[in-house]
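Single-structure report; data block below.
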Number of protein chains: 2
Amino acid sequence: MAESGQPSIFDRDLDRNAANSAALSPLSFLKRAAAVYPNKPAVVHDRVYSYAEFGARARRLASALQRRGFGRGDTVAVMAPNVPALLEAHFGVPLAGCVLNPLNIRLDAANLAFILEHGEAKVLITDREFAPTIERALKQLAKRPLVIDIDDPMTELQGGERGARLGELDYEAFLAEGDPEFPWSLPEDEWQALCLLYTSGTTGNPKGVVYHHRGAYLNAVGQAVTYGLDHRSVYLWTLPMFHCSGWTFTWGVTAAQGTHVCLRRVDPRLVYPLIEERKVTHLCGAPIVLNMLAHAPADVRRALPHPVLVVTGGAAPPSTVIANMEKQGFNVVHAYGLTECYGPATYCATQDDWAEMDLDLRAARMARQGVSYVTLEEATVLDPESLVEVPRDGETMGELMLRGNTVMRGYLKNPSATDEAFAGGWFHTGDLGVLHPDGYIEVKDRSKDIIISGGENISSLEVEEALYRHPKVLEAAVVARPDARWGETPCAFVTLKEGAEATAEEIIAFCRDGLAHYKAPKTVIFRELPKTSTGKIQKFVLREDAKNIE
Amino acid sequence: MAESGQPSIFDRDLDRNAANSAALSPLSFLKRAAAVYPNKPAVVHDRVYSYAEFGARARRLASALQRRGFGRGDTVAVMAPNVPALLEAHFGVPLAGCVLNPLNIRLDAANLAFILEHGEAKVLITDREFAPTIERALKQLAKRPLVIDIDDPMTELQGGERGARLGELDYEAFLAEGDPEFPWSLPEDEWQALCLLYTSGTTGNPKGVVYHHRGAYLNAVGQAVTYGLDHRSVYLWTLPMFHCSGWTFTWGVTAAQGTHVCLRRVDPRLVYPLIEERKVTHLCGAPIVLNMLAHAPADVRRALPHPVLVVTGGAAPPSTVIANMEKQGFNVVHAYGLTECYGPATYCATQDDWAEMDLDLRAARMARQGVSYVTLEEATVLDPESLVEVPRDGETMGELMLRGNTVMRGYLKNPSATDEAFAGGWFHTGDLGVLHPDGYIEVKDRSKDIIISGGENISSLEVEEALYRHPKVLEAAVVARPDARWGETPCAFVTLKEGAEATAEEIIAFCRDGLAHYKAPKTVIFRELPKTSTGKIQKFVLREDAKNIE
């Protein structure tokens, strides 16, 4: 063995140079796609944009930003649904050296103002549909950024309404200021900031998650490998692009040289015709999106002319939803992730013997969060104190933790939150779960979503899964209700399917059939469920409501 | 813009740590596959090895090496055909921190001795079939490495013969010394040396190309994306693993969690049954391998039960070979690369409108070297002096040059060759070619393979392509023959198909029909063609022979 400290023959004269090393950056994907498939449809919206056009528009955007004096480290915020401008910004903004800050279009003016101040946005590109909110947000800012309006001709056709123009100029006019031949270049350092994404926390101020070029490159390639994206793939944008950079499909579909089909609003009346006309092969969305498709009126649903892969995350897809989707011809894959890890970090890899299982058993397997992406390094469940892996018994709870190149750089201007998140060299997701004997991760609950009844832990997810099996239930959420005798009991909030009727007793009896009795809800409230701007059910609202039930 | 030199908000408190950064290494692929698909067939040979076994054997190998004192920077050479031991070495050797040096099994003792000396191999793992050559090579070494024999039970079944045992112990006994629970770890630096591969130059001593973990990781992922490898893929090892780490399919198939089917010898009598029985989806090989399959006797060929993707490189596949392969159900993709860039670096990406072209036109398109892999940074044709890109006219010749992370670190202990190869920040391939208007690269010739006749450049490849179209021609090679009047004229060496007869006049007339007359061979010699150990036709031998024709 080479003596310790003494360099081996491999440590001499074999250094990095311009020929054998380059920064990993998703910018390379668009440069290459525009060169290899210049005439191929890259983006479909009001018209079809070829890869040559997509590339030229991104270069114009970078050039226009630089000509107006913006560059390295400057934040460019975008408030837009899934339109070409936002996709272009995922390349044009970092090509200028700037950092892209996509805004959650469902946020209110106060939150938006906070984010624009905290992220120090120098430019705001904003779709006219959101003019009323943005106008209010801008009034709260100490310093107004350069405001550029997106005037999307598809607004009304996709169910929106065009508000006032707020900005100094129009997005197309801004692009016209730029050079379509602006040179492609890579960041000096692949660790350089690429995106800034604020988590939609349920309490407190949002935190700004910072992505770098290396992580985005790897996660995008990971998506292509995991879901078989290639140049024949057609990706329908049912997942918001502002959400973890569209789970990095913004870059992943481009890496594969596939086609992006934009969509302002997830409406089955828009989705089904697009799948058919554009030959969509892939789409993503939270289970709420799948639910919407599964329960679309019969005159809206169409038989799929070809199989479509649906990646779902944010919550486990209930078995009934999987069954409904599969009946229509969708193949459902369950992925898990957070803003902090570029969207999906684990997915429920299918095992061969699952095909023979009956639906309930298979759905239970598919509901697991599964295994690490090829491009993440490790995903596991650890005891949050000792950081020792929990036994693979499917029972011992621990915290789901991640490490690897597709974990964020940290939270912007928030070193204490960053340190806390990375304590002990792992990213702490805050999700509680178990390891199954096959090594698959299953999230049992967010820490605060555990119900402790008579000293027993009850997973609210497990009770929800039971509720979803009831044929009349459309949506369900379970939280703890304070109880003098048991400490807490499970309290269910339920939305029934259109036209359906049921009693609380009927629902409780149904749950007791499928669950340990102590886990069945003691209370059932029928109502619509409050949701966050990304469509997650707001359990903290329900928890408050559960406290106040007489 | 952030003032020059002044750090932006993104340059503060967002540093690398154990949670958000890890070295890119192909070691991660096997660790993950063994965790996700422990029971899945990973390697098929004398028996089926599961991914759990594959992982455990690689860990045993790493552990056994370390227990015997080998580690960081120590070279471990392997002389073997495509057997499990060589595949395991692609993971076990670097896991021990050592550098893997796969030897070309067709080399003679003198060359092998040179390589073992130059690479300073501390360990040699060698298959018994090659005992006679290795024995002679070992005698020429100043210091004998630890020698370990591979005693493969498939030797005779796959057409080989077991020679003497040369070593201190047997490979299986060596594995037994190691710990199957040896901990997985990553190199501290992804730039660390991983493999050492000697180029089989036609003249001079071979040069030792050094690979690093980062490049191998990226090229492997690039293979998965480019050829759609996934966990259902079954890869048949018709390409030597010693050749550019098997074009990184050693790691790429493992990254995709597919199945490796080993094969000691490319014999259609072994290949066709394996395709059928093992449901092979992918294989690779030089055009000579395709030729062998295309021209296999009728009783050996079998109708393919499913499509098989064949990646070919080393030379453009002649149109007749493409046609024959497609008729059998193979899909042929043409890739281009060199040892210096981990095997394939470009591939001929299919365009939609090619499907409608007739075979000759389509084969001409497919014969191009094409476009950069997604994981390479740039591939283009430059003027070798000015390093300016040649016009995209399909005519102006320049040198094919590459840059990116999948280019070697350099040549071992050969800084002058390294500097020359990387002059001006590009890797100089030594291949001459053109850029077509669509940006596709086409190699016209190795610099020394150009024939200059009456002041006109003639591409020997173009003449060969014409010869291959002749129905009686099995193989052809064209070199320059000195000529008093013209300077040089094209001289063809031709092997006819079994039982076929033809005259030189007939062949020349055929070529004149399809080529500019000055390009048609003036001389045709019927004979078998001399080949290098990797199956490439040895033009330098033919060039000498052409000089001596009376």
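The chains in the structure tokens are called A, B, ... from first to last as shown; in each chain the residues are counted from 1, and the ligands are counted from 1 in the order shown.
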
Find the residues of chain A in contact range of chain B, meaning any atom within 7 Å when counting only C-alpha atoms, and list them as a PyMOL selection string. chain A and resi 1-2+8+10+13-22+35-36+69-74+193+224-225+228+371+403-410+415+422+425-427+439

With N, CA and C atoms retained, export the selected residues as a short mmCIF file (atom, residue, chain, number, x, y, z; two decimals), in the first residue's frame.
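The new file out.cif reads:
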data_model
loop_
_atom_site.label_atom_id
_atom_site.label_comp_id
_atom_site.auth_asym_id
_atom_site.auth_seq_id
_atom_site.Cartn_x
_atom_site.Cartn_y
_atom_site.Cartn_z
N MET A 1 0.87 -1.20 0.00
CA MET A 1 0.00 0.00 0.00
C MET A 1 0.89 1.24 0.00
N ALA A 2 0.48 2.27 -0.72
CA ALA A 2 1.23 3.53 -0.71
C ALA A 2 1.32 4.00 0.75
N SER A 8 0.66 8.46 -4.51
CA SER A 8 0.87 7.31 -5.38
C SER A 8 1.10 7.82 -6.81
N PHE A 10 -0.84 7.70 -9.08
CA PHE A 10 -2.08 8.28 -9.60
C PHE A 10 -2.31 9.70 -9.11
N ASP A 13 0.56 14.48 -12.05
CA ASP A 13 0.38 14.88 -13.46
C ASP A 13 -0.95 14.43 -14.06
N LEU A 14 -1.98 14.37 -13.25
CA LEU A 14 -3.28 13.94 -13.78
C LEU A 14 -4.36 14.90 -13.29
N ASP A 15 -4.14 16.19 -13.58
CA ASP A 15 -4.96 17.21 -12.96
C ASP A 15 -6.17 17.61 -13.81
N ARG A 16 -7.07 18.33 -13.18
CA ARG A 16 -8.23 18.89 -13.87
C ARG A 16 -7.77 19.93 -14.88
N ASN A 17 -8.44 19.97 -16.02
CA ASN A 17 -8.20 21.04 -16.98
C ASN A 17 -9.48 21.27 -17.77
N ALA A 18 -9.44 22.20 -18.69
CA ALA A 18 -10.67 22.59 -19.42
C ALA A 18 -11.21 21.44 -20.26
N ALA A 19 -10.33 20.49 -20.63
CA ALA A 19 -10.78 19.38 -21.48
C ALA A 19 -11.48 18.28 -20.68
N ASN A 20 -11.09 18.11 -19.41
CA ASN A 20 -11.60 16.95 -18.69
C ASN A 20 -12.43 17.27 -17.45
N SER A 21 -12.82 18.52 -17.30
CA SER A 21 -13.73 18.81 -16.19
C SER A 21 -14.59 20.02 -16.52
N ALA A 22 -15.83 19.94 -16.12
CA ALA A 22 -16.79 21.02 -16.35
C ALA A 22 -17.78 21.00 -15.20
N ALA A 35 -29.30 21.98 -29.83
CA ALA A 35 -28.36 21.60 -30.89
C ALA A 35 -28.77 20.29 -31.57
N VAL A 36 -29.24 19.33 -30.79
CA VAL A 36 -29.53 17.99 -31.34
C VAL A 36 -30.90 17.94 -32.00
N GLY A 69 -28.28 45.10 -16.19
CA GLY A 69 -27.38 45.21 -15.03
C GLY A 69 -27.53 44.13 -13.99
N PHE A 70 -28.32 43.10 -14.28
CA PHE A 70 -28.48 42.03 -13.29
C PHE A 70 -27.50 40.91 -13.57
N GLY A 71 -27.04 40.26 -12.52
CA GLY A 71 -26.06 39.18 -12.71
C GLY A 71 -25.89 38.36 -11.45
N ARG A 72 -24.70 37.84 -11.28
CA ARG A 72 -24.35 36.91 -10.22
C ARG A 72 -24.93 37.27 -8.86
N GLY A 73 -25.75 36.36 -8.34
CA GLY A 73 -26.29 36.52 -7.00
C GLY A 73 -27.55 37.37 -6.91
N ASP A 74 -28.02 37.91 -8.05
CA ASP A 74 -29.26 38.70 -8.01
C ASP A 74 -30.47 37.78 -8.13
N ALA A 193 -25.45 29.04 -6.43
CA ALA A 193 -26.90 29.06 -6.24
C ALA A 193 -27.62 29.14 -7.58
N ALA A 224 -34.97 11.27 -15.16
CA ALA A 224 -34.95 10.63 -16.47
C ALA A 224 -34.73 9.13 -16.32
N VAL A 225 -33.78 8.74 -15.45
CA VAL A 225 -33.49 7.32 -15.25
C VAL A 225 -34.67 6.62 -14.57
N GLY A 228 -37.84 6.73 -16.98
CA GLY A 228 -37.66 6.39 -18.39
C GLY A 228 -37.98 7.52 -19.35
N VAL A 371 -37.56 3.69 -1.58
CA VAL A 371 -36.09 3.63 -1.55
C VAL A 371 -35.50 4.88 -2.19
N ARG A 403 -29.37 12.02 2.91
CA ARG A 403 -28.10 12.70 2.65
C ARG A 403 -27.69 12.46 1.20
N GLY A 404 -27.01 13.44 0.65
CA GLY A 404 -26.56 13.30 -0.74
C GLY A 404 -26.52 14.63 -1.45
N ASN A 405 -26.16 14.56 -2.73
CA ASN A 405 -25.95 15.77 -3.51
C ASN A 405 -27.25 16.49 -3.89
N THR A 406 -28.38 15.80 -3.72
CA THR A 406 -29.65 16.42 -4.08
C THR A 406 -30.39 16.90 -2.84
N VAL A 407 -29.61 17.28 -1.84
CA VAL A 407 -30.15 17.96 -0.66
C VAL A 407 -29.69 19.43 -0.76
N MET A 408 -30.57 20.34 -0.41
CA MET A 408 -30.31 21.79 -0.53
C MET A 408 -28.98 22.23 0.08
N ARG A 409 -28.52 23.43 -0.34
CA ARG A 409 -27.36 24.04 0.31
C ARG A 409 -27.72 24.47 1.74
N GLY A 410 -28.97 24.88 1.93
CA GLY A 410 -29.40 25.33 3.25
C GLY A 410 -30.51 26.36 3.09
N PRO A 415 -28.93 30.60 9.28
CA PRO A 415 -27.97 29.55 9.65
C PRO A 415 -28.45 28.66 10.78
N PHE A 422 -29.54 20.04 9.42
CA PHE A 422 -28.42 19.16 9.05
C PHE A 422 -27.70 18.56 10.26
N GLY A 425 -25.04 15.53 10.39
CA GLY A 425 -24.69 15.11 9.02
C GLY A 425 -25.81 14.43 8.26
N TRP A 426 -27.04 14.63 8.69
CA TRP A 426 -28.20 14.12 7.96
C TRP A 426 -29.21 15.25 7.80
N PHE A 427 -29.96 15.22 6.71
CA PHE A 427 -31.07 16.15 6.60
C PHE A 427 -32.28 15.53 7.30
N GLY A 439 -36.35 -3.16 3.66
CA GLY A 439 -35.60 -1.91 3.59
C GLY A 439 -36.41 -0.73 3.11
#

Need to verify the contact set: Tyr235 in chain B, 7 Å, only C-alpha atoms, exclusion of same-chain residues closer than 3 positions in sequence. Can you return it as a PyMOL selection string? chain B and resi 259-261+280-283

Which of range 388-522 of chain B DSSP labels strand (DSSP E), written as a ChimeraX atom specification: /B:398-403,410-411,427-435,441-446,450-453,456-459,473-483,487-496

For the alpha helix (DSSP H) assignment from backbone DSSP, which residues of range 147-364 of chain A qualify? Please present them as a VMD selection string. chain A and resid 171 to 176 213 to 227 244 to 247 249 to 255 268 to 278 287 to 294 319 to 328 359 to 364

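Straight-line separation from CA of Ala335 in chain A to CA of Arg301 in chain A: 24.9 Å.
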
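Our summary of the geometry notes that CA of Phe54 in chain A is positioned 7.0 Å from CA of Glu88 in chain A.
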
Find the residues around Pro287 in chain A up to 8 Å (only C-alpha atoms counted), leave out those fewer than 4 positions away in its own chain, and share them as an mmCIF file with N, CA and C atoms, in the first residue's frame.
data_model
loop_
_atom_site.group_PDB
_atom_site.id
_atom_site.type_symbol
_atom_site.label_atom_id
_atom_site.label_comp_id
_atom_site.auth_asym_id
_atom_site.auth_seq_id
_atom_site.Cartn_x
_atom_site.Cartn_y
_atom_site.Cartn_z
ATOM 1 N N ASN A 291 -57.040 12.284 -7.591
ATOM 2 C CA ASN A 291 -58.424 12.196 -7.144
ATOM 3 C C ASN A 291 -59.349 12.926 -8.098
ATOM 4 N N THR A 312 -46.843 10.456 -8.276
ATOM 5 C CA THR A 312 -47.568 11.209 -7.260
ATOM 6 C C THR A 312 -46.757 11.280 -5.977
ATOM 7 N N GLY A 313 -46.908 12.378 -5.268
ATOM 8 C CA GLY A 313 -46.176 12.558 -4.023
ATOM 9 C C GLY A 313 -46.860 13.597 -3.172
ATOM 10 N N GLY A 314 -46.334 13.815 -1.987
ATOM 11 C CA GLY A 314 -46.946 14.793 -1.076
ATOM 12 C C GLY A 314 -47.762 14.062 -0.031
ATOM 13 N N ALA A 315 -48.333 12.930 -0.424
ATOM 14 C CA ALA A 315 -49.049 12.042 0.478
ATOM 15 C C ALA A 315 -49.192 10.724 -0.265
ATOM 16 N N ALA A 316 -49.374 9.644 0.484
ATOM 17 C CA ALA A 316 -49.519 8.337 -0.174
ATOM 18 C C ALA A 316 -50.852 8.282 -0.914
ATOM 19 N N PRO A 317 -50.861 7.717 -2.132
ATOM 20 C CA PRO A 317 -52.128 7.625 -2.854
ATOM 21 C C PRO A 317 -53.008 6.531 -2.234
ATOM 22 N N PRO A 318 -54.234 6.851 -1.856
ATOM 23 C CA PRO A 318 -55.115 5.818 -1.288
ATOM 24 C C PRO A 318 -55.393 4.726 -2.326
ATOM 25 N N VAL A 321 -57.901 5.304 -5.090
ATOM 26 C CA VAL A 321 -57.440 6.210 -6.142
ATOM 27 C C VAL A 321 -56.535 5.452 -7.123
#

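Note that the spacing between CA of Arg302 in chain A and CA of Lys279 in chain A amounts to 13.2 Å.
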
If we count only C-alpha atoms, what is near Gly454 in chain A at a cut-off of 10 Å, once residues fewer than 6 positions away on the same chain are taken out, given as a VMD selection string? chain A and resid 483 485 to 489 518

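Among the candidates B:Leu166, B:Arg368, B:Ala298, B:Gly246, the residue lying nearest to Arg269 in chain B is B:Ala298 (atoms considered: only C-alpha atoms).
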
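For the choices B:Leu61, B:Ala477, B:Leu432, B:Ile105, the atom-to-atom distance to Thr133 in chain B is smallest for B:Ile105 when using only C-alpha atoms.
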
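Neighbours of Ala492 in chain B closer than or equal to 6 Å, with only C-alpha atoms counted and sequence neighbours fewer than 3 positions away skipped, come out as Ala477, Val478, Pro521 and Val524 of chain B.
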
Could you save the residues just selected, with N, CA and C atoms, as a PDB file, in the first residue's frame?
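The file below, out_11.pdb, is the result:
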ATOM      1  N   ALA B 477     -11.238  -3.587 -46.254  1.00  0.00           N
ATOM      2  CA  ALA B 477     -10.433  -2.495 -45.696  1.00  0.00           C
ATOM      3  C   ALA B 477      -9.679  -1.842 -46.855  1.00  0.00           C
ATOM      4  N   VAL B 478      -9.592  -0.524 -46.798  1.00  0.00           N
ATOM      5  CA  VAL B 478      -8.960   0.212 -47.890  1.00  0.00           C
ATOM      6  C   VAL B 478      -7.817   1.051 -47.323  1.00  0.00           C
ATOM      7  N   PRO B 521     -11.320   1.696 -55.830  1.00  0.00           N
ATOM      8  CA  PRO B 521     -10.005   1.067 -55.677  1.00  0.00           C
ATOM      9  C   PRO B 521      -9.370   0.777 -57.042  1.00  0.00           C
ATOM     10  N   VAL B 524      -7.417  -4.608 -55.984  1.00  0.00           N
ATOM     11  CA  VAL B 524      -8.231  -5.387 -55.042  1.00  0.00           C
ATOM     12  C   VAL B 524      -7.498  -6.685 -54.727  1.00  0.00           C
TER      13      VAL B 524
END
